[in-house]
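Shown next: start.pdb, given as PDB, C-alpha atoms (C1' of nucleotides).
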ATOM      1  CA  MET A  23     141.808  14.108 137.627
ATOM      2  CA  PHE A  24     139.024  12.850 139.880
ATOM      3  CA  ASP A  25     135.903  10.772 139.655
ATOM      4  CA  ILE A  26     132.289  11.665 140.196
ATOM      5  CA  ASP A  27     129.308   9.529 141.028
ATOM      6  CA  VAL A  28     126.388  10.366 138.770
ATOM      7  CA  LYS A  29     124.175   8.143 140.902
ATOM      8  CA  SER A  30     125.014  10.034 144.092
ATOM      9  CA  ARG A  31     122.467  12.105 145.982
ATOM     10  CA  VAL A  32     124.815  15.098 145.918
ATOM     11  CA  PRO A  33     124.602  17.100 142.674
ATOM     12  CA  ILE A  34     127.312  16.593 140.079
ATOM     13  CA  TYR A  35     128.331  20.252 139.968
ATOM     14  CA  GLU A  36     128.779  20.166 143.737
ATOM     15  CA  GLN A  37     130.959  17.064 143.569
ATOM     16  CA  ILE A  38     133.105  18.942 141.083
ATOM     17  CA  THR A  39     133.448  22.094 143.193
ATOM     18  CA  GLU A  40     134.332  19.977 146.216
ATOM     19  CA  ASN A  41     136.993  18.038 144.350
ATOM     20  CA  VAL A  42     138.572  21.123 142.795
ATOM     21  CA  LYS A  43     138.568  22.917 146.142
ATOM     22  CA  ARG A  44     140.254  19.922 147.719
ATOM     23  CA  LEU A  45     142.936  19.803 145.041
ATOM     24  CA  ILE A  46     143.596  23.522 145.419
ATOM     25  CA  ILE A  47     143.735  23.384 149.190
ATOM     26  CA  GLN A  48     146.024  20.359 149.108
ATOM     27  CA  GLY A  49     148.324  22.245 146.760
ATOM     28  CA  VAL A  50     147.924  19.742 143.937
ATOM     29  CA  LEU A  51     146.595  22.565 141.808
ATOM     30  CA  LEU A  52     148.801  25.649 142.095
ATOM     31  CA  PRO A  53     147.980  29.350 141.598
ATOM     32  CA  GLU A  54     147.689  30.409 137.945
ATOM     33  CA  GLU A  55     147.564  26.773 136.909
ATOM     34  CA  LYS A  56     145.085  26.132 134.131
ATOM     35  CA  LEU A  57     142.116  23.932 134.881
ATOM     36  CA  PRO A  58     140.734  21.571 132.251
ATOM     37  CA  SER A  59     138.355  23.350 129.892
ATOM     38  CA  VAL A  60     134.664  22.962 130.486
ATOM     39  CA  ARG A  61     134.386  20.786 127.411
ATOM     40  CA  SER A  62     137.366  18.532 127.998
ATOM     41  CA  LEU A  63     136.406  17.866 131.595
ATOM     42  CA  ALA A  64     132.834  17.294 130.501
ATOM     43  CA  GLN A  65     134.039  14.706 128.015
ATOM     44  CA  GLU A  66     136.333  13.091 130.551
ATOM     45  CA  LEU A  67     133.481  12.728 133.049
ATOM     46  CA  THR A  68     130.860  12.103 130.340
ATOM     47  CA  ILE A  69     128.535  14.832 131.508
ATOM     48  CA  ASN A  70     127.238  18.084 130.056
ATOM     49  CA  PRO A  71     129.679  21.016 129.648
ATOM     50  CA  ASN A  72     127.170  23.348 131.275
ATOM     51  CA  THR A  73     127.395  21.347 134.467
ATOM     52  CA  ILE A  74     131.131  21.973 134.549
ATOM     53  CA  GLN A  75     130.506  25.610 133.864
ATOM     54  CA  LYS A  76     128.116  25.840 136.776
ATOM     55  CA  ALA A  77     130.801  24.329 138.992
ATOM     56  CA  TYR A  78     133.475  26.692 137.675
ATOM     57  CA  ARG A  79     131.217  29.686 138.125
ATOM     58  CA  GLU A  80     130.582  28.691 141.717
ATOM     59  CA  LEU A  81     134.309  28.241 142.286
ATOM     60  CA  GLU A  82     134.853  31.697 140.829
ATOM     61  CA  ARG A  83     132.137  33.176 143.036
ATOM     62  CA  GLU A  84     133.933  31.751 146.049
ATOM     63  CA  GLY A  85     137.280  33.041 144.812
ATOM     64  CA  TYR A  86     138.977  29.724 144.173
ATOM     65  CA  VAL A  87     139.155  30.167 140.428
ATOM     66  CA  ILE A  88     139.313  32.913 137.881
ATOM     67  CA  SER A  89     137.786  32.431 134.422
ATOM     68  CA  ARG A  90     139.122  34.234 131.391
ATOM     69  CA  PRO A  91     136.708  34.028 128.429
ATOM     70  CA  GLY A  92     138.433  32.606 125.400
ATOM     71  CA  LYS A  93     141.506  31.598 127.403
ATOM     72  CA  GLY A  94     140.433  29.230 130.114
ATOM     73  CA  SER A  95     139.850  28.860 133.851
ATOM     74  CA  PHE A  96     142.723  29.250 136.268
ATOM     75  CA  VAL A  97     143.470  28.645 139.926
ATOM     76  CA  ASN A  98     143.310  31.909 141.825
ATOM     77  CA  ASP A  99     145.911  32.980 144.358
ATOM     78  CA  MET A 100     144.161  31.949 147.575
ATOM     79  CA  THR A 101     145.720  33.288 150.775
ATOM     80  CA  GLU A 102     143.694  36.490 150.389
ATOM     81  CA  THR A 103     140.629  34.702 149.110
ATOM     82  CA  MET A 104     140.376  32.238 151.939
ATOM     83  CA  ASN A 105     140.261  35.040 154.425
ATOM     84  CA  ARG A 106     137.634  36.762 152.353
ATOM     85  CA  GLU A 107     135.465  33.682 152.241
ATOM     86  CA  HIS A 108     135.897  33.038 155.909
ATOM     87  CA  ILE A 109     134.919  36.610 156.677
ATOM     88  CA  LYS A 110     131.908  36.261 154.414
ATOM     89  CA  THR A 111     130.742  33.140 156.223
ATOM     90  CA  LEU A 112     131.187  34.715 159.625
ATOM     91  CA  THR A 113     129.415  37.880 158.522
ATOM     92  CA  GLU A 114     126.452  35.932 157.203
ATOM     93  CA  GLU A 115     126.167  34.112 160.506
ATOM     94  CA  VAL A 116     126.345  37.354 162.438
ATOM     95  CA  GLU A 117     123.663  38.858 160.208
ATOM     96  CA  ARG A 118     121.344  35.966 160.871
ATOM     97  CA  LEU A 119     121.873  36.070 164.620
ATOM     98  CA  ILE A 120     121.558  39.841 164.896
ATOM     99  CA  LYS A 121     118.366  39.782 162.883
ATOM    100  CA  GLU A 122     116.892  37.294 165.321
ATOM    101  CA  LEU A 123     118.068  39.202 168.378
ATOM    102  CA  VAL A 124     116.626  42.449 167.066
ATOM    103  CA  PHE A 125     113.415  40.612 166.335
ATOM    104  CA  LEU A 126     113.385  39.513 169.973
ATOM    105  CA  ASP A 127     113.526  43.175 171.020
ATOM    106  CA  VAL A 128     117.180  43.218 172.069
ATOM    107  CA  PRO A 129     118.160  46.897 171.694
ATOM    108  CA  GLY A 130     120.719  47.609 168.983
ATOM    109  CA  GLU A 131     122.800  49.655 171.405
ATOM    110  CA  SER A 132     123.570  46.658 173.571
ATOM    111  CA  LEU A 133     124.721  44.814 170.483
ATOM    112  CA  LYS A 134     126.935  47.697 169.439
ATOM    113  CA  THR A 135     128.530  47.533 172.872
ATOM    114  CA  ILE A 136     129.719  44.036 172.016
ATOM    115  CA  ILE A 137     131.491  45.411 168.964
ATOM    116  CA  ASP A 138     133.125  48.236 170.915
ATOM    117  CA  LYS A 139     134.332  45.827 173.545
ATOM    118  CA  ALA A 140     135.838  43.532 170.918
ATOM    119  CA  GLU A 141     137.664  46.474 169.342
ATOM    120  CA  GLN A 142     139.033  47.728 172.643
ATOM    121  CA  GLU A 143     140.175  44.245 173.498
ATOM    122  CA  LYS A 144     142.009  44.005 170.208
ATOM    123  CA  GLU A 145     143.758  47.382 170.619
ATOM    124  CA  GLY A 146     145.147  46.199 173.911
ATOM    125  CA  HIS A 147     146.933  43.406 172.136
ATOM    126  CA  GLU A 148     148.669  45.491 169.477
TER     127      GLU A 148
ATOM    128  CA  MET B  21      91.966  36.160 163.277
ATOM    129  CA  PHE B  22      94.206  36.967 160.308
ATOM    130  CA  ASP B  23      94.213  36.550 156.583
ATOM    131  CA  ILE B  24      96.474  34.594 154.320
ATOM    132  CA  ASP B  25      97.247  34.941 150.661
ATOM    133  CA  VAL B  26      97.002  31.588 148.908
ATOM    134  CA  LYS B  27      98.459  33.180 145.793
ATOM    135  CA  SER B  28     101.552  34.423 147.618
ATOM    136  CA  ARG B  29     105.015  33.086 146.910
ATOM    137  CA  VAL B  30     105.526  32.377 150.623
ATOM    138  CA  PRO B  31     104.044  29.024 151.726
ATOM    139  CA  ILE B  32     100.707  29.066 153.531
ATOM    140  CA  TYR B  33     102.010  27.265 156.610
ATOM    141  CA  GLU B  34     104.748  29.876 156.905
ATOM    142  CA  GLN B  35     102.275  32.744 156.667
ATOM    143  CA  ILE B  36     100.403  31.103 159.524
ATOM    144  CA  THR B  37     103.434  30.670 161.781
ATOM    145  CA  GLU B  38     104.435  34.272 161.151
ATOM    146  CA  ASN B  39     100.997  35.586 162.003
ATOM    147  CA  VAL B  40     100.635  33.497 165.161
ATOM    148  CA  LYS B  41     104.123  34.485 166.319
ATOM    149  CA  ARG B  42     103.256  38.107 165.765
ATOM    150  CA  LEU B  43     100.012  37.833 167.732
ATOM    151  CA  ILE B  44     101.819  36.111 170.601
ATOM    152  CA  ILE B  45     104.640  38.633 170.684
ATOM    153  CA  GLN B  46     102.228  41.537 170.510
ATOM    154  CA  GLY B  47     100.315  40.052 173.424
ATOM    155  CA  VAL B  48      97.103  39.624 171.483
ATOM    156  CA  LEU B  49      97.311  35.920 172.244
ATOM    157  CA  LEU B  50      98.077  35.316 175.912
ATOM    158  CA  PRO B  51      99.793  32.391 177.657
ATOM    159  CA  GLU B  52      97.560  29.321 178.070
ATOM    160  CA  GLU B  53      95.104  30.814 175.641
ATOM    161  CA  LYS B  54      93.620  28.253 173.297
ATOM    162  CA  LEU B  55      94.379  28.602 169.643
ATOM    163  CA  PRO B  56      91.740  27.722 167.068
ATOM    164  CA  SER B  57      91.682  23.999 166.371
ATOM    165  CA  VAL B  58      93.431  22.809 163.247
ATOM    166  CA  ARG B  59      90.073  22.074 161.671
ATOM    167  CA  SER B  60      88.261  25.287 162.565
ATOM    168  CA  LEU B  61      91.139  27.459 161.420
ATOM    169  CA  ALA B  62      91.407  25.371 158.276
ATOM    170  CA  GLN B  63      87.747  25.992 157.599
ATOM    171  CA  GLU B  64      88.042  29.694 158.355
ATOM    172  CA  LEU B  65      90.928  30.057 155.912
ATOM    173  CA  THR B  66      89.529  27.463 153.500
ATOM    174  CA  ILE B  67      92.687  25.395 153.408
ATOM    175  CA  ASN B  68      93.640  21.871 154.428
ATOM    176  CA  PRO B  69      93.797  21.044 158.177
ATOM    177  CA  ASN B  70      97.187  19.420 157.689
ATOM    178  CA  THR B  71      98.602  22.733 156.604
ATOM    179  CA  ILE B  72      97.520  24.231 159.909
ATOM    180  CA  GLN B  73      99.003  21.280 161.709
ATOM    181  CA  LYS B  74     102.315  21.797 159.993
ATOM    182  CA  ALA B  75     102.280  25.414 161.136
ATOM    183  CA  TYR B  76     101.342  24.452 164.688
ATOM    184  CA  ARG B  77     104.038  21.803 164.824
ATOM    185  CA  GLU B  78     106.615  24.353 163.733
ATOM    186  CA  LEU B  79     105.361  26.803 166.360
ATOM    187  CA  GLU B  80     105.677  24.049 168.961
ATOM    188  CA  ARG B  81     109.191  23.222 167.806
ATOM    189  CA  GLU B  82     110.147  26.858 168.315
ATOM    190  CA  GLY B  83     108.522  26.926 171.750
ATOM    191  CA  TYR B  84     105.703  29.342 170.980
ATOM    192  CA  VAL B  85     102.920  26.828 171.345
ATOM    193  CA  ILE B  86     102.157  23.620 173.157
ATOM    194  CA  SER B  87      99.827  21.038 171.651
ATOM    195  CA  ARG B  88      97.779  18.686 173.792
ATOM    196  CA  PRO B  89      96.333  15.784 171.758
ATOM    197  CA  GLY B  90      92.602  15.586 172.187
ATOM    198  CA  LYS B  91      92.465  18.940 173.946
ATOM    199  CA  GLY B  92      93.860  21.576 171.657
ATOM    200  CA  SER B  93      96.825  23.847 170.985
ATOM    201  CA  PHE B  94      97.743  26.532 173.486
ATOM    202  CA  VAL B  95     100.053  29.492 173.741
ATOM    203  CA  ASN B  96     103.055  28.429 175.763
ATOM    204  CA  ASP B  97     103.546  30.467 178.931
ATOM    205  CA  MET B  98     107.244  29.663 178.944
ATOM    206  CA  THR B  99     107.841  32.076 176.095
ATOM    207  CA  GLU B 100     109.415  34.728 178.293
ATOM    208  CA  THR B 101     111.736  32.308 180.038
ATOM    209  CA  MET B 102     112.600  30.514 176.863
ATOM    210  CA  ASN B 103     113.186  33.800 175.093
ATOM    211  CA  ARG B 104     115.565  34.982 177.764
ATOM    212  CA  GLU B 105     117.542  31.761 177.575
ATOM    213  CA  HIS B 106     117.437  31.853 173.816
ATOM    214  CA  ILE B 107     118.660  35.445 173.789
ATOM    215  CA  LYS B 108     121.531  34.488 176.049
ATOM    216  CA  THR B 109     122.635  31.714 173.723
ATOM    217  CA  LEU B 110     122.369  33.907 170.640
ATOM    218  CA  THR B 111     124.274  36.731 172.311
ATOM    219  CA  GLU B 112     127.120  34.456 173.265
ATOM    220  CA  GLU B 113     127.360  33.247 169.691
ATOM    221  CA  VAL B 114     127.375  36.796 168.374
ATOM    222  CA  GLU B 115     130.116  37.769 170.809
ATOM    223  CA  ARG B 116     132.289  34.919 169.630
ATOM    224  CA  LEU B 117     131.767  35.707 165.946
ATOM    225  CA  ILE B 118     132.259  39.446 166.323
ATOM    226  CA  LYS B 119     135.459  38.890 168.246
ATOM    227  CA  GLU B 120     136.791  36.800 165.387
ATOM    228  CA  LEU B 121     135.689  39.276 162.716
ATOM    229  CA  VAL B 122     137.317  42.175 164.559
ATOM    230  CA  PHE B 123     140.447  40.071 164.866
ATOM    231  CA  LEU B 124     140.375  39.662 161.071
ATOM    232  CA  ASP B 125     140.405  43.460 160.712
ATOM    233  CA  VAL B 126     136.757  43.868 159.785
ATOM    234  CA  PRO B 127     135.944  47.458 160.815
ATOM    235  CA  GLY B 128     133.440  47.778 163.642
ATOM    236  CA  GLU B 129     131.468  50.307 161.633
ATOM    237  CA  SER B 130     130.544  47.771 158.977
ATOM    238  CA  LEU B 131     129.289  45.460 161.715
ATOM    239  CA  LYS B 132     127.219  48.222 163.242
ATOM    240  CA  THR B 133     125.645  48.720 159.854
ATOM    241  CA  ILE B 134     124.300  45.205 160.091
ATOM    242  CA  ILE B 135     122.570  46.106 163.336
ATOM    243  CA  ASP B 136     121.082  49.271 161.897
ATOM    244  CA  LYS B 137     119.797  47.408 158.885
ATOM    245  CA  ALA B 138     118.174  44.755 161.088
ATOM    246  CA  GLU B 139     116.453  47.435 163.120
ATOM    247  CA  GLN B 140     115.175  49.283 160.074
ATOM    248  CA  GLU B 141     113.901  46.044 158.641
ATOM    249  CA  LYS B 142     112.024  45.318 161.834
ATOM    250  CA  GLU B 143     110.425  48.752 161.989
ATOM    251  CA  GLY B 144     109.080  48.136 158.537
ATOM    252  CA  HIS B 145     107.116  45.171 159.827
ATOM    253  CA  GLU B 146     105.417  46.917 162.735
TER     254      GLU B 146
ATOM    255  C1'  DT C  17     141.796  35.104 108.037
ATOM    256  C1'  DT C  18     140.188  30.848 109.609
ATOM    257  C1'  DA C  19     139.938  26.733 112.314
ATOM    258  C1'  DG C  20     139.688  25.188 116.701
ATOM    259  C1'  DC C  21     140.045  26.151 120.942
ATOM    260  C1'  DT C  22     138.058  28.870 125.178
ATOM    261  C1'  DG C  23     134.082  30.630 128.469
ATOM    262  C1'  DT C  24     129.111  32.402 128.422
ATOM    263  C1'  DA C  25     123.998  33.191 127.871
ATOM    264  C1'  DC C  26     119.595  31.542 127.162
ATOM    265  C1'  DT C  27     116.177  28.167 126.974
ATOM    266  C1'  DA C  28     114.178  23.703 127.592
ATOM    267  C1'  DT C  29     114.009  19.438 129.901
ATOM    268  C1'  DT C  30     114.474  16.428 133.565
ATOM    269  C1'  DT C  31     114.863  15.360 138.292
ATOM    270  C1'  DT C  32     114.328  16.287 143.065
ATOM    271  C1'  DA C  33     112.460  18.428 146.977
ATOM    272  C1'  DA C  34     108.811  21.030 149.262
ATOM    273  C1'  DT C  35     104.172  21.861 149.933
ATOM    274  C1'  DT C  36      99.582  20.669 150.259
ATOM    275  C1'  DA C  37      95.787  17.376 150.452
ATOM    276  C1'  DA C  38      93.218  12.858 151.565
ATOM    277  C1'  DT C  39      92.326   9.606 154.794
ATOM    278  C1'  DA C  40      92.450   6.953 158.862
ATOM    279  C1'  DC C  41      93.704   6.675 163.735
ATOM    280  C1'  DA C  42      93.699   7.810 168.789
ATOM    281  C1'  DG C  43      92.928  10.777 172.879
ATOM    282  C1'  DT C  44      89.432  13.956 175.397
ATOM    283  C1'  DT C  45      85.151  15.649 176.957
ATOM    284  C1'  DA C  46      80.338  16.221 177.762
TER     285       DA C  46
ATOM    286  C1'  DT D   3      78.421   7.531 172.260
ATOM    287  C1'  DA D   4      78.972  11.694 169.544
ATOM    288  C1'  DA D   5      81.543  15.429 168.491
ATOM    289  C1'  DC D   6      85.294  17.433 169.334
ATOM    290  C1'  DT D   7      90.722  17.544 169.660
ATOM    291  C1'  DG D   8      95.798  16.577 167.640
ATOM    292  C1'  DT D   9      98.649  13.032 164.894
ATOM    293  C1'  DA D  10     100.599   9.759 161.454
ATOM    294  C1'  DT D  11     100.967   8.006 156.878
ATOM    295  C1'  DT D  12     100.593   8.270 152.351
ATOM    296  C1'  DA D  13      99.435  10.329 147.908
ATOM    297  C1'  DA D  14      99.020  14.227 144.829
ATOM    298  C1'  DT D  15     100.400  18.563 143.498
ATOM    299  C1'  DT D  16     103.442  22.368 142.998
ATOM    300  C1'  DA D  17     107.749  24.692 143.042
ATOM    301  C1'  DA D  18     112.612  24.661 142.758
ATOM    302  C1'  DA D  19     117.004  22.807 141.568
ATOM    303  C1'  DA D  20     119.935  20.440 138.465
ATOM    304  C1'  DT D  21     121.146  19.134 134.050
ATOM    305  C1'  DA D  22     121.189  19.332 129.006
ATOM    306  C1'  DG D  23     120.767  21.482 124.164
ATOM    307  C1'  DT D  24     122.066  25.031 121.359
ATOM    308  C1'  DA D  25     123.905  29.282 119.778
ATOM    309  C1'  DC D  26     127.005  33.116 120.586
ATOM    310  C1'  DA D  27     131.521  35.675 121.383
ATOM    311  C1'  DG D  28     136.488  36.050 122.745
ATOM    312  C1'  DC D  29     141.286  34.296 122.108
ATOM    313  C1'  DT D  30     145.238  32.108 119.693
ATOM    314  C1'  DA D  31     147.998  29.937 116.415
ATOM    315  C1'  DA D  32     148.727  28.253 111.683
TER     316       DA D  32
END

Using structure tokens, write down the structure from this file.
Amino acid sequence: MFDIDVKSRVPIYEQITENVKRLIIQGVLLPEEKLPSVRSLAQELTINPNTIQKAYRELEREGYVISRPGKGSFVNDMTETMNREHIKTLTEEVERLIKELVFLDVPGESLKTIIDKAEQEKEGHE
Amino acid sequence: MFDIDVKSRVPIYEQITENVKRLIIQGVLLPEEKLPSVRSLAQELTINPNTIQKAYRELEREGYVISRPGKGSFVNDMTETMNREHIKTLTEEVERLIKELVFLDVPGESLKTIIDKAEQEKEGHE
DNA sequence: TTAGCTGTACTATTTTAATTAATACAGTTA
DNA sequence: TAACTGTATTAATTAAAATAGTACAGCTAA
């Protein structure tokens, strides 16, 4: 399926999430397709099953995969998910920046103005 | 000057940067004012001088302080100017991100909540 | 039902990174 | 020169992250 480098500086579970993400994004793995079980993939890569599970859990948290106890782990239908993840990333960034601006005594009202302006601008286009 | 909690979960050097930042922002420490030397503050807090130095270096990196080898560490009088420029940069970033989030149909209200939360959080600290 | 799959939870171990400390060096000032 | 100042380098300690061991519970097919 793919190879990992146990000697690499980047954690094994992260190499796995990256590879699976890549395969999903490239369309090699299709929605509802079953992923290898934690144990079989662990055997194939000669690492511990729990490491696979950690990777799968992370992939599930990010919406790439859905795990069904007793049945297996499956590729999730993305289109929606990608947007959701993108929105999450953007929101986290905004949170960080706003926190800092508020800390620097920028009044919340002036920040809210930015939001209003963005909304008005959008309405104009639809 | 201030106290630290060696038993706290937050690192000592971070407690120091936070406290010094606070004192500068509150105007207790004024521009060009000399901060305690790494050794004297280390003695006062009964911790290692290098820990103070790490804090001071971080404060310098963020523009709060300027260190003059052989002379001492001083409150940077550029803070206002730097802040204003910093605020400008941050605001531009926020504008860009908010625009994109609004475009992705994230309701403005949920973004305003982020602002409110940041303000509440800040009030808690003062 | 049972045998053999599946994912999961919990704990312990190992490994890695962050934090703090020890020590020596170099600039400044009186 | 003596007593300050910040700095660099390295070592020791501490905390966190990553991985592994083991046991449990759900699903499915013979």

For a quick check of your reading of the model, name the residues lying within 7 Å of the coordinate (124.3, 19.0, 137.4), counting only C-alpha atoms (C1' of nucleotides), and write them as a PyMOL selection string. (chain A and resi 33-35+73) or (chain D and resi 20-21)

Show which residues sit within 12 Å of segment 97-112 of chain B, as number ranges by chain. Count only C-alpha atoms (C1' of nucleotides), and ignore same-chain residues fewer than 2 positions away. A: 115-130, 132-137; B: 41, 44-45, 47, 49-54, 79-80, 82-86, 94-95, 114-119

Keeping C-alpha atoms, export the residues of the selection given above as a PDB file, keeping the file's coordinate frame.
ATOM      1  CA  GLU A 115     126.167  34.112 160.506  1.00  0.00           C
ATOM      2  CA  VAL A 116     126.345  37.354 162.438  1.00  0.00           C
ATOM      3  CA  GLU A 117     123.663  38.858 160.208  1.00  0.00           C
ATOM      4  CA  ARG A 118     121.344  35.966 160.871  1.00  0.00           C
ATOM      5  CA  LEU A 119     121.873  36.070 164.620  1.00  0.00           C
ATOM      6  CA  ILE A 120     121.558  39.841 164.896  1.00  0.00           C
ATOM      7  CA  LYS A 121     118.366  39.782 162.883  1.00  0.00           C
ATOM      8  CA  GLU A 122     116.892  37.294 165.321  1.00  0.00           C
ATOM      9  CA  LEU A 123     118.068  39.202 168.378  1.00  0.00           C
ATOM     10  CA  VAL A 124     116.626  42.449 167.066  1.00  0.00           C
ATOM     11  CA  PHE A 125     113.415  40.612 166.335  1.00  0.00           C
ATOM     12  CA  LEU A 126     113.385  39.513 169.973  1.00  0.00           C
ATOM     13  CA  ASP A 127     113.526  43.175 171.020  1.00  0.00           C
ATOM     14  CA  VAL A 128     117.180  43.218 172.069  1.00  0.00           C
ATOM     15  CA  PRO A 129     118.160  46.897 171.694  1.00  0.00           C
ATOM     16  CA  GLY A 130     120.719  47.609 168.983  1.00  0.00           C
ATOM     17  CA  SER A 132     123.570  46.658 173.571  1.00  0.00           C
ATOM     18  CA  LEU A 133     124.721  44.814 170.483  1.00  0.00           C
ATOM     19  CA  LYS A 134     126.935  47.697 169.439  1.00  0.00           C
ATOM     20  CA  THR A 135     128.530  47.533 172.872  1.00  0.00           C
ATOM     21  CA  ILE A 136     129.719  44.036 172.016  1.00  0.00           C
ATOM     22  CA  ILE A 137     131.491  45.411 168.964  1.00  0.00           C
TER      23      ILE A 137
ATOM     24  CA  LYS B  41     104.123  34.485 166.319  1.00  0.00           C
ATOM     25  CA  ILE B  44     101.819  36.111 170.601  1.00  0.00           C
ATOM     26  CA  ILE B  45     104.640  38.633 170.684  1.00  0.00           C
ATOM     27  CA  GLY B  47     100.315  40.052 173.424  1.00  0.00           C
ATOM     28  CA  LEU B  49      97.311  35.920 172.244  1.00  0.00           C
ATOM     29  CA  LEU B  50      98.077  35.316 175.912  1.00  0.00           C
ATOM     30  CA  PRO B  51      99.793  32.391 177.657  1.00  0.00           C
ATOM     31  CA  GLU B  52      97.560  29.321 178.070  1.00  0.00           C
ATOM     32  CA  GLU B  53      95.104  30.814 175.641  1.00  0.00           C
ATOM     33  CA  LYS B  54      93.620  28.253 173.297  1.00  0.00           C
ATOM     34  CA  LEU B  79     105.361  26.803 166.360  1.00  0.00           C
ATOM     35  CA  GLU B  80     105.677  24.049 168.961  1.00  0.00           C
ATOM     36  CA  GLU B  82     110.147  26.858 168.315  1.00  0.00           C
ATOM     37  CA  GLY B  83     108.522  26.926 171.750  1.00  0.00           C
ATOM     38  CA  TYR B  84     105.703  29.342 170.980  1.00  0.00           C
ATOM     39  CA  VAL B  85     102.920  26.828 171.345  1.00  0.00           C
ATOM     40  CA  ILE B  86     102.157  23.620 173.157  1.00  0.00           C
ATOM     41  CA  PHE B  94      97.743  26.532 173.486  1.00  0.00           C
ATOM     42  CA  VAL B  95     100.053  29.492 173.741  1.00  0.00           C
ATOM     43  CA  VAL B 114     127.375  36.796 168.374  1.00  0.00           C
ATOM     44  CA  GLU B 115     130.116  37.769 170.809  1.00  0.00           C
ATOM     45  CA  ARG B 116     132.289  34.919 169.630  1.00  0.00           C
ATOM     46  CA  LEU B 117     131.767  35.707 165.946  1.00  0.00           C
ATOM     47  CA  ILE B 118     132.259  39.446 166.323  1.00  0.00           C
ATOM     48  CA  LYS B 119     135.459  38.890 168.246  1.00  0.00           C
TER      49      LYS B 119
END

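Between atom CA of Asp25 of chain A and atom C1' of DG20 of chain C lies a distance of 27.4 Å.
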
Convert the output of the PyMOL selection byres ((chain B) within 12 of (chain D)) on the shown file into explicit residues, formatted as JSON, numbers by chain. {"B": [29, 30, 31, 54, 55, 56, 57, 58, 59, 60, 69, 70, 72, 73, 74, 76, 77, 86, 87, 88, 89, 90, 91, 92, 93, 94]}

Only C-alpha atoms, please: the residues just picked out, written as a tab-separated table (two decimals), keeping the file's coordinate frame.
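Contents of again.tsv, as written:
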chain	number	residue	atom	x	y	z
B	29	ARG	CA	105.02	33.09	146.91
B	30	VAL	CA	105.53	32.38	150.62
B	31	PRO	CA	104.04	29.02	151.73
B	54	LYS	CA	93.62	28.25	173.30
B	55	LEU	CA	94.38	28.60	169.64
B	56	PRO	CA	91.74	27.72	167.07
B	57	SER	CA	91.68	24.00	166.37
B	58	VAL	CA	93.43	22.81	163.25
B	59	ARG	CA	90.07	22.07	161.67
B	60	SER	CA	88.26	25.29	162.56
B	69	PRO	CA	93.80	21.04	158.18
B	70	ASN	CA	97.19	19.42	157.69
B	72	ILE	CA	97.52	24.23	159.91
B	73	GLN	CA	99.00	21.28	161.71
B	74	LYS	CA	102.32	21.80	159.99
B	76	TYR	CA	101.34	24.45	164.69
B	77	ARG	CA	104.04	21.80	164.82
B	86	ILE	CA	102.16	23.62	173.16
B	87	SER	CA	99.83	21.04	171.65
B	88	ARG	CA	97.78	18.69	173.79
B	89	PRO	CA	96.33	15.78	171.76
B	90	GLY	CA	92.60	15.59	172.19
B	91	LYS	CA	92.46	18.94	173.95
B	92	GLY	CA	93.86	21.58	171.66
B	93	SER	CA	96.82	23.85	170.98
B	94	PHE	CA	97.74	26.53	173.49

Set out as JSON lines a contact list for chain C and chain B with a cut-off of 9 Å, giving each residue of chain C that qualifies its closest atom pair and distance in Å to one decimal, counting only C-alpha atoms (C1' of nucleotides), ordered by chain and rising residue number.
{"residue": "C:DT35", "atom": "C1'", "partner": "B:Pro31", "partner_atom": "CA", "distance": 7.4}
{"residue": "C:DT36", "atom": "C1'", "partner": "B:Thr71", "partner_atom": "CA", "distance": 6.7}
{"residue": "C:DA37", "atom": "C1'", "partner": "B:Asn68", "partner_atom": "CA", "distance": 6.4}
{"residue": "C:DA42", "atom": "C1'", "partner": "B:Gly90", "partner_atom": "CA", "distance": 8.6}
{"residue": "C:DG43", "atom": "C1'", "partner": "B:Gly90", "partner_atom": "CA", "distance": 4.9}
{"residue": "C:DT44", "atom": "C1'", "partner": "B:Gly90", "partner_atom": "CA", "distance": 4.8}
{"residue": "C:DT45", "atom": "C1'", "partner": "B:Lys91", "partner_atom": "CA", "distance": 8.6}

Superposing chain B on chain A using every C-alpha atom, matched in order, leaves an RMSD of 9.0 Å

Could you please give me, as a list of chain:residue names, the residues of protein, DNA or RNA lying at most 7 Å from (101.0, 37.0, 158.0) in the coordinate frame of the file, considering all atoms listed in the file? B:Asp23, B:Ile24, B:Gln35, B:Ile36, B:Glu38, B:Asn39

Distance criterion (only C-alpha atoms): nearest to Asp27 of chain A out of A:Thr39, A:Leu67, A:Val50, A:Leu45: A:Leu67

Choose the residue, out of A:Met23, A:Ala140, A:Leu63, A:Val42, that has the smallest atom-to-atom separation from chain B; count all atoms listed in the file. A:Ala140

Quote the spacing between atom C1' of DA33 of chain C and atom CA of Thr68 of chain A in Å to one decimal place. 25.6 Å

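Distance-wise, atom CA of Arg83 of chain A and atom CA of Asn98 of chain A end up 11.3 Å apart.
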
Each side padded by 3 Å, which centre and which edge lengths in Å (one decimal) define the axis-aligned box around the listed atoms of segment 21-36 of chain C? Give them as lines of an AutoDock Vina configuration file.
center_x = 119.8
center_y = 24.3
center_z = 135.6
size_x = 46.5
size_y = 23.8
size_z = 35.3
